[in-house]
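Enquirer: Contents of start35.pdb (PDB, C-alpha atoms, pLDDT in the B column) are below:
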ATOM      1  CA  MET N  17      -3.080  13.589 -16.746  1.00 49.00           C
ATOM      2  CA  THR N  18      -1.916  14.004 -20.356  1.00 50.00           C
ATOM      3  CA  LEU N  19      -1.696  10.224 -20.828  1.00 44.00           C
ATOM      4  CA  ASP N  20      -5.263   9.803 -19.598  1.00 49.00           C
ATOM      5  CA  VAL N  21      -6.458  12.479 -22.041  1.00 42.00           C
ATOM      6  CA  TRP N  22      -4.651  10.714 -24.901  1.00 42.00           C
ATOM      7  CA  ALA N  23      -6.130   7.359 -23.821  1.00 44.00           C
ATOM      8  CA  ALA N  24      -9.599   8.929 -24.059  1.00 49.00           C
ATOM      9  CA  GLY N  25      -8.928   9.687 -27.733  1.00 50.00           C
ATOM     10  CA  TYR N  26      -8.109  13.399 -27.625  1.00 52.00           C
ATOM     11  CA  ARG N  27      -5.107  14.704 -29.603  1.00 60.00           C
ATOM     12  CA  VAL N  28      -3.641  17.513 -27.512  1.00 54.00           C
ATOM     13  CA  SER N  29      -0.155  18.492 -26.420  1.00 65.00           C
ATOM     14  CA  GLU N  30       1.159  18.412 -22.864  1.00 60.00           C
ATOM     15  CA  ASN N  31       1.316  22.218 -22.932  1.00 64.00           C
ATOM     16  CA  THR N  32      -2.382  22.404 -23.825  1.00 58.00           C
ATOM     17  CA  VAL N  33      -3.269  20.080 -20.956  1.00 49.00           C
ATOM     18  CA  ALA N  34      -1.121  22.141 -18.583  1.00 55.00           C
ATOM     19  CA  LYS N  35      -2.805  25.361 -19.762  1.00 58.00           C
ATOM     20  CA  LEU N  36      -6.312  23.951 -19.315  1.00 57.00           C
ATOM     21  CA  MET N  37      -5.431  22.626 -15.870  1.00 55.00           C
ATOM     22  CA  ALA N  38      -4.152  26.061 -14.869  1.00 59.00           C
ATOM     23  CA  GLU N  39      -7.339  27.712 -16.127  1.00 54.00           C
ATOM     24  CA  LEU N  40      -9.394  25.268 -14.068  1.00 53.00           C
ATOM     25  CA  GLY N  41      -7.250  25.770 -10.992  1.00 54.00           C
ATOM     26  CA  LEU N  42      -5.920  22.200 -11.094  1.00 51.00           C
ATOM     27  CA  ALA N  43      -2.386  21.332 -10.015  1.00 54.00           C
ATOM     28  CA  GLY N  44      -0.374  18.364  -8.850  1.00 55.00           C
ATOM     29  CA  ARG N  45      -0.186  17.774  -5.116  1.00 52.00           C
ATOM     30  CA  LYS N  46       3.126  17.924  -3.265  1.00 53.00           C
ATOM     31  CA  PRO N  47       3.926  15.270  -0.662  1.00 49.00           C
ATOM     32  CA  LYS N  48       4.045  16.288   2.992  1.00 52.00           C
ATOM     33  CA  ARG N  49       7.074  15.584   5.116  1.00 53.00           C
ATOM     34  CA  ARG N  50       6.918  11.920   6.089  1.00 51.00           C
ATOM     35  CA  ARG N  51       6.865  10.696   9.691  1.00 54.00           C
ATOM     36  CA  ASN N  52       9.044   7.668  10.313  1.00 53.00           C
ATOM     37  CA  LEU N  53       7.268   4.850  12.167  1.00 57.00           C
ATOM     38  CA  THR N  54      10.218   2.474  12.039  1.00 54.00           C
ATOM     39  CA  LYS N  55      11.429   1.223  15.406  1.00 58.00           C
ATOM     40  CA  ALA N  56      14.338  -1.169  15.027  1.00 57.00           C
ATOM     41  CA  GLY N  57      13.598  -4.624  16.360  1.00 52.00           C
ATOM     42  CA  LYS N  58      15.758  -6.398  18.920  1.00 64.00           C
ATOM     43  CA  ARG N  59      15.961  -9.621  16.923  1.00 74.00           C
ATOM     44  CA  PRO N  60      18.597 -10.173  14.194  1.00 85.00           C
ATOM     45  CA  ALA N  61      17.712  -8.618  10.831  1.00 91.00           C
ATOM     46  CA  ALA N  62      17.729 -10.399   7.492  1.00 96.00           C
ATOM     47  CA  PRO N  63      20.416  -9.417   4.956  1.00 95.00           C
ATOM     48  CA  ASP N  64      19.685  -6.937   2.183  1.00 96.00           C
ATOM     49  CA  ARG N  65      19.122  -9.164  -0.858  1.00 96.00           C
ATOM     50  CA  VAL N  66      17.778  -6.322  -3.018  1.00 96.00           C
ATOM     51  CA  ARG N  67      20.431  -3.577  -2.829  1.00 94.00           C
ATOM     52  CA  ARG N  68      17.983  -0.937  -4.087  1.00 94.00           C
ATOM     53  CA  GLN N  69      17.240  -2.901  -7.273  1.00 94.00           C
ATOM     54  CA  PHE N  70      13.451  -2.571  -7.103  1.00 94.00           C
ATOM     55  CA  THR N  71      12.580  -4.356 -10.335  1.00 93.00           C
ATOM     56  CA  ALA N  72      11.559  -7.885 -11.270  1.00 95.00           C
ATOM     57  CA  VAL N  73      11.269  -9.668 -14.615  1.00 95.00           C
ATOM     58  CA  ALA N  74       8.164 -11.650 -13.602  1.00 95.00           C
ATOM     59  CA  PRO N  75       5.487 -11.757 -10.889  1.00 95.00           C
ATOM     60  CA  ASN N  76       6.145 -13.417  -7.530  1.00 96.00           C
ATOM     61  CA  LEU N  77       9.891 -12.914  -7.545  1.00 97.00           C
ATOM     62  CA  LEU N  78      10.289  -9.774  -5.467  1.00 98.00           C
ATOM     63  CA  TRP N  79       7.799  -8.153  -3.113  1.00 98.00           C
ATOM     64  CA  CYS N  80       8.216  -5.262  -0.705  1.00 98.00           C
ATOM     65  CA  GLY N  81       6.182  -3.814   2.117  1.00 97.00           C
ATOM     66  CA  ASP N  82       5.929  -1.172   4.799  1.00 97.00           C
ATOM     67  CA  LEU N  83       3.611   0.339   7.395  1.00 97.00           C
ATOM     68  CA  THR N  84       2.211   3.856   7.356  1.00 97.00           C
ATOM     69  CA  GLU N  85      -0.061   5.955   9.554  1.00 97.00           C
ATOM     70  CA  VAL N  86      -3.523   7.317   8.759  1.00 98.00           C
ATOM     71  CA  GLU N  87      -5.167  10.035  10.855  1.00 98.00           C
ATOM     72  CA  THR N  88      -8.878   9.749  11.696  1.00 98.00           C
ATOM     73  CA  ASP N  89     -11.110  11.709  14.082  1.00 98.00           C
ATOM     74  CA  GLU N  90     -11.332   8.522  16.129  1.00 97.00           C
ATOM     75  CA  GLY N  91      -7.574   8.101  16.407  1.00 97.00           C
ATOM     76  CA  LYS N  92      -4.718   6.670  14.404  1.00 98.00           C
ATOM     77  CA  LEU N  93      -5.060   3.797  11.945  1.00 98.00           C
ATOM     78  CA  TYR N  94      -2.100   1.894  10.556  1.00 98.00           C
ATOM     79  CA  LEU N  95      -1.854   0.443   7.056  1.00 98.00           C
ATOM     80  CA  ALA N  96       0.467  -2.453   6.183  1.00 98.00           C
ATOM     81  CA  THR N  97       1.126  -3.193   2.518  1.00 98.00           C
ATOM     82  CA  VAL N  98       2.695  -5.783   0.203  1.00 98.00           C
ATOM     83  CA  LEU N  99       3.644  -4.758  -3.366  1.00 97.00           C
ATOM     84  CA  ASP N 100       4.743  -6.969  -6.250  1.00 97.00           C
ATOM     85  CA  LEU N 101       7.696  -5.149  -7.801  1.00 96.00           C
ATOM     86  CA  PHE N 102       7.017  -6.576 -11.256  1.00 94.00           C
ATOM     87  CA  SER N 103       3.847  -4.545 -11.747  1.00 90.00           C
ATOM     88  CA  ARG N 104       3.644  -2.459  -8.534  1.00 92.00           C
ATOM     89  CA  ARG N 105       0.283  -4.081  -7.886  1.00 95.00           C
ATOM     90  CA  LEU N 106      -0.756  -3.984  -4.222  1.00 97.00           C
ATOM     91  CA  LEU N 107      -1.246  -7.681  -3.497  1.00 97.00           C
ATOM     92  CA  GLY N 108      -1.922  -7.449   0.204  1.00 98.00           C
ATOM     93  CA  TYR N 109      -2.908  -4.850   2.755  1.00 98.00           C
ATOM     94  CA  ALA N 110      -4.279  -4.746   6.279  1.00 98.00           C
ATOM     95  CA  MET N 111      -5.376  -2.001   8.650  1.00 98.00           C
ATOM     96  CA  SER N 112      -5.473  -1.812  12.441  1.00 98.00           C
ATOM     97  CA  GLU N 113      -5.253   0.671  15.290  1.00 97.00           C
ATOM     98  CA  HIS N 114      -2.022  -1.087  16.320  1.00 95.00           C
ATOM     99  CA  HIS N 115       1.172  -1.296  14.270  1.00 93.00           C
ATOM    100  CA  ASP N 116       2.567  -4.680  15.193  1.00 96.00           C
ATOM    101  CA  ALA N 117       3.683  -7.978  13.704  1.00 97.00           C
ATOM    102  CA  ALA N 118       0.097  -9.230  13.478  1.00 98.00           C
ATOM    103  CA  LEU N 119      -0.727  -6.391  11.079  1.00 98.00           C
ATOM    104  CA  ALA N 120       2.292  -7.137   8.874  1.00 98.00           C
ATOM    105  CA  VAL N 121       1.418 -10.853   8.868  1.00 98.00           C
ATOM    106  CA  ALA N 122      -2.176 -10.109   7.855  1.00 98.00           C
ATOM    107  CA  ALA N 123      -0.986  -8.118   4.822  1.00 98.00           C
ATOM    108  CA  LEU N 124       1.457 -10.875   3.831  1.00 98.00           C
ATOM    109  CA  ASN N 125      -1.221 -13.565   4.149  1.00 98.00           C
ATOM    110  CA  MET N 126      -3.593 -11.564   1.943  1.00 98.00           C
ATOM    111  CA  ALA N 127      -0.872 -11.240  -0.698  1.00 98.00           C
ATOM    112  CA  ALA N 128      -0.230 -14.984  -0.557  1.00 98.00           C
ATOM    113  CA  ALA N 129      -3.950 -15.733  -0.882  1.00 97.00           C
ATOM    114  CA  ASN N 130      -4.194 -13.446  -3.924  1.00 96.00           C
ATOM    115  CA  ARG N 131      -1.426 -15.519  -5.532  1.00 96.00           C
ATOM    116  CA  GLY N 132      -3.176 -18.811  -4.800  1.00 95.00           C
ATOM    117  CA  GLY N 133      -1.036 -19.615  -1.768  1.00 93.00           C
ATOM    118  CA  ASP N 134       1.917 -20.936  -3.785  1.00 91.00           C
ATOM    119  CA  ILE N 135       4.614 -18.277  -3.315  1.00 96.00           C
ATOM    120  CA  ASP N 136       7.598 -20.416  -2.345  1.00 97.00           C
ATOM    121  CA  GLY N 137      10.828 -18.561  -3.104  1.00 97.00           C
ATOM    122  CA  VAL N 138       9.437 -15.019  -3.146  1.00 98.00           C
ATOM    123  CA  ILE N 139      11.785 -12.410  -1.668  1.00 98.00           C
ATOM    124  CA  PHE N 140      10.013  -9.974   0.642  1.00 98.00           C
ATOM    125  CA  HIS N 141      11.917  -6.743   1.281  1.00 98.00           C
ATOM    126  CA  SER N 142      11.189  -4.367   4.156  1.00 97.00           C
ATOM    127  CA  ASP N 143      12.862  -2.068   6.641  1.00 95.00           C
ATOM    128  CA  ARG N 144      14.178  -3.356   9.961  1.00 95.00           C
ATOM    129  CA  GLY N 145      11.106  -2.334  11.923  1.00 94.00           C
ATOM    130  CA  SER N 146      10.129  -4.470  14.890  1.00 94.00           C
ATOM    131  CA  GLU N 147       7.029  -5.656  13.001  1.00 96.00           C
ATOM    132  CA  TYR N 148       9.225  -7.350  10.377  1.00 97.00           C
ATOM    133  CA  THR N 149      11.975  -8.665  12.674  1.00 96.00           C
ATOM    134  CA  ALA N 150       9.397 -10.150  15.053  1.00 96.00           C
ATOM    135  CA  GLU N 151       9.301 -13.914  15.516  1.00 96.00           C
ATOM    136  CA  ALA N 152       5.654 -14.023  14.427  1.00 97.00           C
ATOM    137  CA  PHE N 153       6.477 -12.478  11.048  1.00 98.00           C
ATOM    138  CA  GLU N 154       9.510 -14.723  10.590  1.00 97.00           C
ATOM    139  CA  ILE N 155       7.336 -17.788  11.271  1.00 98.00           C
ATOM    140  CA  ALA N 156       4.743 -16.589   8.736  1.00 98.00           C
ATOM    141  CA  CYS N 157       7.464 -16.151   6.091  1.00 98.00           C
ATOM    142  CA  ASP N 158       8.925 -19.594   6.800  1.00 97.00           C
ATOM    143  CA  LYS N 159       5.489 -21.188   6.527  1.00 97.00           C
ATOM    144  CA  LEU N 160       4.908 -19.587   3.116  1.00 98.00           C
ATOM    145  CA  GLY N 161       8.439 -20.170   1.832  1.00 98.00           C
ATOM    146  CA  VAL N 162       9.163 -16.437   1.698  1.00 98.00           C
ATOM    147  CA  LEU N 163      12.765 -15.248   1.966  1.00 98.00           C
ATOM    148  CA  GLN N 164      13.137 -12.036   3.974  1.00 98.00           C
ATOM    149  CA  SER N 165      15.330  -9.102   2.957  1.00 98.00           C
ATOM    150  CA  MET N 166      15.893  -5.895   4.919  1.00 96.00           C
ATOM    151  CA  GLY N 167      17.474  -2.522   4.278  1.00 92.00           C
ATOM    152  CA  ARG N 168      19.635  -0.589   6.679  1.00 86.00           C
ATOM    153  CA  VAL N 169      18.333   1.237   9.746  1.00 76.00           C
ATOM    154  CA  GLY N 170      17.400   4.846   9.021  1.00 73.00           C
ATOM    155  CA  SER N 171      17.747   4.590   5.235  1.00 77.00           C
ATOM    156  CA  ALA N 172      14.434   5.247   3.485  1.00 77.00           C
ATOM    157  CA  LEU N 173      16.117   4.703   0.105  1.00 91.00           C
ATOM    158  CA  ASP N 174      16.768   1.068   1.030  1.00 92.00           C
ATOM    159  CA  ASN N 175      13.006   0.521   0.884  1.00 94.00           C
ATOM    160  CA  ALA N 176      12.230   3.237  -1.659  1.00 95.00           C
ATOM    161  CA  ALA N 177       9.540   1.343  -3.600  1.00 95.00           C
ATOM    162  CA  ALA N 178       7.395   0.780  -0.511  1.00 96.00           C
ATOM    163  CA  GLU N 179       8.026   4.354   0.639  1.00 95.00           C
ATOM    164  CA  ALA N 180       6.928   5.587  -2.791  1.00 94.00           C
ATOM    165  CA  PHE N 181       3.599   3.799  -2.444  1.00 96.00           C
ATOM    166  CA  ASN N 182       3.080   5.363   0.992  1.00 96.00           C
ATOM    167  CA  SER N 183       3.695   8.797  -0.532  1.00 95.00           C
ATOM    168  CA  THR N 184       1.332   8.067  -3.421  1.00 95.00           C
ATOM    169  CA  ILE N 185      -1.609   6.977  -1.305  1.00 97.00           C
ATOM    170  CA  LYS N 186      -1.096   9.874   1.119  1.00 97.00           C
ATOM    171  CA  VAL N 187      -0.795  12.583  -1.554  1.00 95.00           C
ATOM    172  CA  GLU N 188      -3.401  11.264  -3.981  1.00 95.00           C
ATOM    173  CA  TYR N 189      -6.042  10.091  -1.520  1.00 97.00           C
ATOM    174  CA  ILE N 190      -5.569  10.109   2.245  1.00 97.00           C
ATOM    175  CA  HIS N 191      -4.544  13.763   2.657  1.00 96.00           C
ATOM    176  CA  ARG N 192      -7.475  14.841   0.491  1.00 96.00           C
ATOM    177  CA  HIS N 193     -10.083  13.295   2.794  1.00 97.00           C
ATOM    178  CA  ARG N 194     -11.223  13.528   6.375  1.00 97.00           C
ATOM    179  CA  PHE N 195     -12.067  10.201   8.011  1.00 98.00           C
ATOM    180  CA  ARG N 196     -14.415  10.442  10.975  1.00 98.00           C
ATOM    181  CA  THR N 197     -13.901   6.844  12.088  1.00 98.00           C
ATOM    182  CA  ARG N 198     -11.389   4.073  11.537  1.00 98.00           C
ATOM    183  CA  THR N 199     -14.110   2.008   9.876  1.00 98.00           C
ATOM    184  CA  GLU N 200     -14.769   4.774   7.360  1.00 98.00           C
ATOM    185  CA  ALA N 201     -11.051   5.021   6.629  1.00 98.00           C
ATOM    186  CA  ARG N 202     -10.761   1.249   6.126  1.00 98.00           C
ATOM    187  CA  LEU N 203     -13.664   1.147   3.676  1.00 98.00           C
ATOM    188  CA  LYS N 204     -12.627   4.185   1.648  1.00 98.00           C
ATOM    189  CA  ILE N 205      -8.937   3.306   1.477  1.00 98.00           C
ATOM    190  CA  SER N 206      -9.763  -0.261   0.436  1.00 98.00           C
ATOM    191  CA  THR N 207     -12.046   1.049  -2.306  1.00 98.00           C
ATOM    192  CA  TRP N 208      -9.330   3.382  -3.616  1.00 97.00           C
ATOM    193  CA  ILE N 209      -6.832   0.515  -3.737  1.00 97.00           C
ATOM    194  CA  VAL N 210      -9.158  -1.991  -5.415  1.00 96.00           C
ATOM    195  CA  ASP N 211     -11.041   0.298  -7.798  1.00 95.00           C
ATOM    196  CA  PHE N 212      -8.307   2.771  -8.713  1.00 95.00           C
ATOM    197  CA  TYR N 213      -4.717   2.024  -7.733  1.00 95.00           C
ATOM    198  CA  ASN N 214      -4.596  -1.629  -8.795  1.00 94.00           C
ATOM    199  CA  VAL N 215      -6.478  -1.261 -12.067  1.00 91.00           C
ATOM    200  CA  ARG N 216      -6.407   2.309 -13.343  1.00 88.00           C
ATOM    201  CA  ARG N 217      -3.493   4.299 -11.964  1.00 82.00           C
ATOM    202  CA  ARG N 218      -0.526   4.645 -14.309  1.00 81.00           C
ATOM    203  CA  HIS N 219       2.907   3.952 -12.886  1.00 70.00           C
ATOM    204  CA  SER N 220       6.348   4.954 -14.097  1.00 64.00           C
ATOM    205  CA  ALA N 221       7.632   1.415 -13.477  1.00 57.00           C
ATOM    206  CA  CYS N 222       5.107   0.215 -16.082  1.00 54.00           C
ATOM    207  CA  ASP N 223       6.028   2.897 -18.637  1.00 51.00           C
ATOM    208  CA  ARG N 224       2.996   4.937 -17.555  1.00 48.00           C
ATOM    209  CA  ARG N 225       0.666   2.387 -19.117  1.00 52.00           C
ATOM    210  CA  ASP N 226      -2.706   1.343 -17.757  1.00 49.00           C
ATOM    211  CA  ARG N 227      -1.614  -1.717 -15.791  1.00 49.00           C
ATOM    212  CA  PHE N 228      -4.975  -3.452 -16.143  1.00 47.00           C
ATOM    213  CA  VAL N 229      -5.183  -3.461 -19.931  1.00 42.00           C
ATOM    214  CA  SER N 230      -1.598  -3.254 -21.212  1.00 35.00           C
ATOM    215  CA  GLY N 231       0.749  -6.181 -21.613  1.00 34.00           C
ATOM    216  CA  GLY N 232       3.657  -6.607 -19.275  1.00 35.00           C
ATOM    217  CA  VAL N 233       7.057  -8.167 -19.770  1.00 34.00           C
ATOM    218  CA  GLY N 234       6.891 -11.280 -21.926  1.00 36.00           C
ATOM    219  CA  GLY N 235       3.204 -10.798 -22.619  1.00 36.00           C
ATOM    220  CA  VAL N 236       2.184 -11.174 -18.982  1.00 39.00           C
ATOM    221  CA  SER N 237      -0.589  -8.786 -18.018  1.00 43.00           C
ATOM    222  CA  ALA N 238       0.838  -5.706 -16.339  1.00 44.00           C
ATOM    223  CA  ALA N 239      -1.886  -5.999 -13.694  1.00 58.00           C
ATOM    224  CA  THR N 240      -0.379  -9.313 -12.582  1.00 71.00           C
TER     225      THR N 240
END
What's the structure tokens form of this structure?
Expert:
Amino acid sequence: MTLDVWAAGYRVSENTVAKLMAELGLAGRKPKRRRNLTKAGKRPAAPDRVRRQFTAVAPNLLWCGDLTEVETDEGKLYLATVLDLFSRRLLGYAMSEHHDAALAVAALNMAAANRGGDIDGVIFHSDRGSEYTAEAFEIACDKLGVLQSMGRVGSALDNAAAEAFNSTIKVEYIHRHRFRTRTEARLKISTWIVDFYNVRRRHSACDRRDRFVSGGVGGVSAAT
């Protein structure tokens, strides 16, 4: 919040911002206890090529992804994501009432399309869920030239960057809204991602800068 106030041109201290927030009844939101959707697949898992090093020196070197659950009055909706670990930009996402390999493939294909289709050599890191060990997802990765990487079973820290995004979208948006239908959830979540998360939200991995307007490593736009 303080960084946004400074960006708007106001010269105030963090203590002043904290005091004003308290007077207005504003406070940060705490994450709820996460529910693990991961069900280990029966097929062999890819090796861990990341080893919890969730950084990249340029775009299209290292991506990560995960699936998370969204509650609606109509029933559950599942969100699959693909993040570029250079900028933490959400390159691909897909939503469905089923969490399966088709959903994970749809998110990966969207990410590839957003990069012009030429992503040969990208490492994609995930957990060992059945969606990512499935033959259909392996075929999609091979077709795109993507090299799979997987953390250990039951270790959220092995896919911490993707887990962090799930926490962010839940705390900052999903848990603050009631979705009457899956269609409503799809539209509103997509709008939050496109209009806020990818262009306006500050991220610690980008030194808390506005990723849309500030320069990234080597002069590459941080929104890349």
Enquirer: Neighbours of segment 205-211 of chain N within 8 Å (all atoms listed in the file; same-chain residues fewer than 6 positions away dropped), as a tab-separated table (two decimals) with C-alpha atoms, in the coordinates of the input?
Expert:
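Just written: out09.tsv:
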chain	number	residue	atom	x	y	z
N	106	LEU	CA	-0.76	-3.98	-4.22
N	189	TYR	CA	-6.04	10.09	-1.52
N	190	ILE	CA	-5.57	10.11	2.24
Enquirer: Output the residue selection produced by the PyMOL selection byres ((chain N and resi 79) around 10) on the file above, formatted as a PyMOL selection string.
Expert: chain N and resi 70-72+75-78+80-81+98-102+104-107+124+127+138-142+162+164-165+177-178
Enquirer: Write out as a ChimeraX atom specification each polymer residue whose atoms come within 10 Å of Asp134 of chain N, counting all atoms listed in the file; drop sequence neighbours fewer than 3 positions from it.
Expert: /N:76,128-131,137-138,160-161
Enquirer: Give me, please, the distance in Å between atom CA of His193 of chain N and atom CA of His114 of chain N, quoted to one decimal.
Expert: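 That distance, rounded to one decimal, is 21.3 Å.
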Enquirer: What gap, in Å, lies between atom CA of Gly91 of chain N and atom CA of Thr149 of chain N?
Expert: 26.0 Å
Enquirer: With the file shown as input, list the residues that the PyMOL selection byres ((chain N and resi 61) around 7) selects, as a list of chain:residue names.
Expert: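 So the PyMOL selection byres ((chain N and resi 61) around 7), applied here, picks out N:Arg59, N:Pro60, N:Ala62, N:Pro63, N:Arg144, N:Thr149, N:Met166.
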Enquirer: Residues near Val121 of chain N, anyone? I mean within 9 Å using all atoms listed in the file, not counting same-chain ones fewer than 6 positions away, as a VMD selection string.
Expert: chain N and resid 96 110 147 to 148 152 to 153 156 to 157
Enquirer: Taking all atoms of segment 80-88 of chain N that appear in the file, build a box with edges along x, y and z, extend it by 6 Å on every side, and state its centre and edge lengths in Å to one decimal, as lines of an AutoDock Vina configuration file.
Expert:
center_x = -0.3
center_y = 2.4
center_z = 5.5
size_x = 29.1
size_y = 27.3
size_z = 24.4
Enquirer: Tell me which residues the PyMOL selection byres ((chain N and resi 94) around 7) grabs here, as a ChimeraX atom specification.
Expert: /N:83-86,92-93,95-96,111-115
Enquirer: Which distance in Å separates atom CA of Phe181 of chain N and atom CA of Glu154 of chain N, to one decimal?
Expert: 23.4 Å
Enquirer: Restricting the calculation to all atoms listed in the file: of N:Ser103, N:Ala172, N:Ala150, N:Asn125, which residue gets closest to Val215 of chain N?
Expert: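 For Val215 of chain N, the nearest of the given residues is N:Ser103.
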Enquirer: Could you check which of N:Arg217, N:Gly133, N:Arg67, N:Asp174 is closest to Glu188 of chain N, using all atoms listed in the file?
Expert: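 Nearest to Glu188 of chain N: N:Arg217.
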Enquirer: Of the candidates N:Leu119, N:Asp158, N:Gln69, N:Asp64, which one gets nearest to Asp143 of chain N if we count only C-alpha atoms?
Expert: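 For Asp143 of chain N, the nearest of the given residues is N:Asp64.
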